[in-house]
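Engineer: Below is the structure I would like to discuss, written out as structure tokens.
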Amino acid sequence: MFALRHVSKRHGEVRALDDLSLEFAQGTVTAVLGSSGAGKSSLLRTLLGLEWPDSGEVFVDGARLSSDTRLATRRRIGYVIQEGGLFPHLTVRGNLALLPRHLGWSRRNIETRALELASLMQLPSELLGRFPAELSGGQRQRIAVIRALMTDPPALLLDEPLGALDPLVRFELQERLQALFRSLNKTVVLVTHDLAEAVYLASRLVLMRAGRVVQDGPAEDFFARPADEFVRRFVAAQDARRPVPAQAS
């Protein structure tokens, strides 16, 4: 689905991506981890064409991303930014309708899709008429995911979508996202700083440091075969194998 070939990107003196080569196969769920400044968000934005590499190439479905194709590519990929990014002056329904309306969907089709996804994310339909400020943090995050799914894109890019939530709400949404990923069979690239969350949601982990990949593989390798001392410290600092709490009744 996605491939980067020797991609580098600088922000001033900071090298956000450093000769990075990665592939994300269709239907897989990958969590990208790392400390602040590791290049995680730059990686997502480069896959989407929101940032342009200084060197190297990006491919989506085998086609090289270019200035002529990146707008069309963005419309085909669901993207959830940190804290959701809902437009506060629009109702939930208005937020969800933005891209479908631009693509020529009828009002009826937009409403049908919004109700379908609200049910999938276990949100009551009456929330569609509210404004973002009238929702809880967890509800806003679910709406942001629904907005990314409205046009049924083949891929989802999520940039720390659960980072600002309290632990219980975050755990409940982790469960919902895990079920969603399994049922929809989409390519998912999820950025998080939380190793436990990454282990819970993804089958593949990619740990970045200073724009480079330090280790790439299943969670078991991070615990049993850390690539270097940095990986060992990263794992030890987060205790990611703690038991997952039972869902509240």
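Here, A, B, ... name the chains of the structure tokens in the order displayed, residue numbers run from 1 inside each chain, and ligands are numbered from 1 in the same displayed order.
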Which parts of range 8-245 of chain A does DSSP call strand (DSSP E) when run on the backbone here, written out as a VMD selection string?
Structural biologist: chain A and resid 8 to 11 14 to 24 29 to 33 55 to 60 63 to 64 77 to 80 155 to 159 187 to 191 204 to 209 212 to 217
Engineer: Just to be explicit: take each residue in the selection above, keep C-alpha atoms, and write the result as a tab-separated table (two decimals), in the first residue's frame.
Structural biologist:
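File result14.tsv, as written:
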chain	number	residue	atom	x	y	z
A	8	SER	CA	14.98	12.40	3.94
A	9	LYS	CA	13.34	15.55	5.32
A	10	ARG	CA	14.75	18.46	7.30
A	11	HIS	CA	12.97	21.09	9.38
A	14	VAL	CA	16.51	19.10	12.52
A	15	ARG	CA	16.60	15.98	10.36
A	16	ALA	CA	13.05	14.65	10.75
A	17	LEU	CA	13.54	11.72	8.35
A	18	ASP	CA	17.00	10.38	7.60
A	19	ASP	CA	17.36	8.16	4.50
A	20	LEU	CA	14.24	6.26	5.56
A	21	SER	CA	13.04	3.19	3.64
A	22	LEU	CA	9.85	1.45	4.83
A	23	GLU	CA	6.92	-0.49	3.43
A	24	PHE	CA	3.38	-0.88	4.79
A	29	VAL	CA	-1.73	-2.60	11.19
A	30	THR	CA	1.58	-0.94	12.09
A	31	ALA	CA	2.35	1.20	15.14
A	32	VAL	CA	5.13	3.78	14.78
A	33	LEU	CA	6.76	4.68	18.09
A	55	SER	CA	15.12	13.55	-1.26
A	56	GLY	CA	13.78	10.06	-1.90
A	57	GLU	CA	10.43	8.80	-3.17
A	58	VAL	CA	7.03	7.88	-1.76
A	59	PHE	CA	4.77	5.29	-3.39
A	60	VAL	CA	1.06	4.67	-2.81
A	63	ALA	CA	2.43	4.69	-8.00
A	64	ARG	CA	5.00	7.37	-7.18
A	77	ILE	CA	-6.72	8.10	2.72
A	78	GLY	CA	-8.35	8.57	6.11
A	79	TYR	CA	-6.29	10.83	8.38
A	80	VAL	CA	-6.81	11.53	12.08
A	155	ALA	CA	-5.98	3.17	4.48
A	156	LEU	CA	-6.03	5.02	7.79
A	157	LEU	CA	-3.24	7.20	9.16
A	158	LEU	CA	-3.69	8.09	12.84
A	159	ASP	CA	-1.39	10.52	14.65
A	187	THR	CA	-4.04	-0.61	6.00
A	188	VAL	CA	-3.44	1.25	9.27
A	189	VAL	CA	-0.39	3.25	10.32
A	190	LEU	CA	-0.78	4.45	13.90
A	191	VAL	CA	1.61	6.87	15.59
A	204	ARG	CA	4.05	-4.76	13.76
A	205	LEU	CA	5.99	-2.12	15.66
A	206	VAL	CA	8.41	0.39	14.15
A	207	LEU	CA	10.56	2.28	16.66
A	208	MET	CA	12.14	5.49	15.39
A	209	ARG	CA	14.93	7.67	16.71
A	212	ARG	CA	15.73	6.54	11.47
A	213	VAL	CA	14.26	3.11	12.23
A	214	VAL	CA	15.91	1.53	15.26
A	215	GLN	CA	13.87	-1.68	15.26
A	216	ASP	CA	11.05	-3.04	13.09
A	217	GLY	CA	9.09	-6.21	13.77
Engineer: Taking the DSSP secondary structure from the backbone, can you list the residues of range 70-243 of chain A that are helix (DSSP H, G or I), as a PyMOL selection string?
Structural biologist: chain A and resi 70-75+92-102+107-120+125-129+132-134+137-149+167-184+195-201+219-224+229-238
Engineer: For Val7 in chain A, which of A:Gly211, A:Gly104, A:Pro161, A:Phe222 is the closest residue, counting only C-alpha atoms?
Structural biologist: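 Of A:Gly211, A:Gly104, A:Pro161, A:Phe222, the one nearest Val7 in chain A, counting only C-alpha atoms, is A:Gly211.
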Engineer: Nearest residue to Leu115 in chain A out of A:Leu103, A:Ile146, A:Ala25, A:Trp52, using only C-alpha atoms?
Structural biologist: A:Ile146
Engineer: Might you pull out every residue within 8 Å of Arg93 in chain A, with only C-alpha atoms counted and same-chain residues fewer than 4 positions away left off, and present them as a count of residues only?
Structural biologist: 6
Engineer: Report as a ChimeraX atom specification all protein, DNA and RNA residues lying within 9 Å of Phe87 in chain A, evaluated on only C-alpha atoms, omitting residues in the same chain fewer than 4 positions from it.
Structural biologist: /A:91-92,94-95,131-132
Engineer: Ranking A:Thr151, A:Leu99, A:Thr192, A:Phe2 by minimum distance to Ser41 in chain A and counting only C-alpha atoms, which one comes first?
Structural biologist: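 For Ser41 in chain A, the nearest of the candidates is A:Thr192.
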Engineer: Can you tell me which residues surround Leu177 in chain A at a distance of at most 12 Å, considering only C-alpha atoms, apart from same-chain residues fewer than 2 positions away, and format the answer as a PyMOL selection string?
Structural biologist: chain A and resi 29+120-122+141-142+145-146+156+158+161-162+170-175+179-184+186+188+190+197-198+200-202
Engineer: Write to file, as a PDB file, in the first residue's frame, the residues of the selection just made, with C-alpha atoms.
Structural biologist:
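Dumped to result.pdb:
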ATOM      1  CA  VAL A  29      -1.727  -2.597  11.186  1.00  0.00           C
ATOM      2  CA  LEU A 120     -20.044   0.912  14.413  1.00  0.00           C
ATOM      3  CA  MET A 121     -18.266   3.249  16.860  1.00  0.00           C
ATOM      4  CA  GLN A 122     -21.082   2.845  19.422  1.00  0.00           C
ATOM      5  CA  GLN A 141     -12.048  11.239  19.088  1.00  0.00           C
ATOM      6  CA  ARG A 142     -14.625   8.729  17.855  1.00  0.00           C
ATOM      7  CA  VAL A 145     -12.205   8.421  13.331  1.00  0.00           C
ATOM      8  CA  ILE A 146     -15.681   8.337  11.747  1.00  0.00           C
ATOM      9  CA  LEU A 156      -6.031   5.017   7.794  1.00  0.00           C
ATOM     10  CA  LEU A 158      -3.687   8.085  12.837  1.00  0.00           C
ATOM     11  CA  PRO A 161      -5.455   9.798  18.271  1.00  0.00           C
ATOM     12  CA  LEU A 162      -5.826   8.813  21.936  1.00  0.00           C
ATOM     13  CA  ARG A 170      -8.425   5.738  26.373  1.00  0.00           C
ATOM     14  CA  PHE A 171      -8.696   2.034  27.178  1.00  0.00           C
ATOM     15  CA  GLU A 172     -12.307   1.878  25.983  1.00  0.00           C
ATOM     16  CA  LEU A 173     -11.339   3.524  22.702  1.00  0.00           C
ATOM     17  CA  GLN A 174      -8.370   1.188  22.310  1.00  0.00           C
ATOM     18  CA  GLU A 175     -10.828  -1.715  22.466  1.00  0.00           C
ATOM     19  CA  ALA A 179     -12.249  -4.297  16.885  1.00  0.00           C
ATOM     20  CA  LEU A 180     -12.521  -1.747  14.066  1.00  0.00           C
ATOM     21  CA  PHE A 181      -9.125  -2.631  12.599  1.00  0.00           C
ATOM     22  CA  ARG A 182      -9.967  -6.335  12.640  1.00  0.00           C
ATOM     23  CA  SER A 183     -13.368  -5.919  11.002  1.00  0.00           C
ATOM     24  CA  LEU A 184     -12.483  -3.406   8.259  1.00  0.00           C
ATOM     25  CA  LYS A 186      -7.675  -1.608   6.091  1.00  0.00           C
ATOM     26  CA  VAL A 188      -3.439   1.253   9.272  1.00  0.00           C
ATOM     27  CA  LEU A 190      -0.780   4.447  13.899  1.00  0.00           C
ATOM     28  CA  GLU A 197      -1.025   0.800  23.210  1.00  0.00           C
ATOM     29  CA  ALA A 198       1.091  -0.170  20.218  1.00  0.00           C
ATOM     30  CA  TYR A 200      -2.430  -3.920  21.930  1.00  0.00           C
ATOM     31  CA  LEU A 201      -3.427  -2.444  18.558  1.00  0.00           C
ATOM     32  CA  ALA A 202      -0.747  -3.485  16.060  1.00  0.00           C
TER      33      ALA A 202
END
Engineer: Pick out the residues sitting within 9 Å of Arg140 in chain A, and hand them over as a count of residues only; count only C-alpha atoms, and ignore anything fewer than 6 positions along from it in its own chain.
Structural biologist: 7
Engineer: Could you tell me how far CA of Ser203 in chain A lies from CA of Thr28 in chain A, in Å and to one decimal?
Structural biologist: 7.7 Å
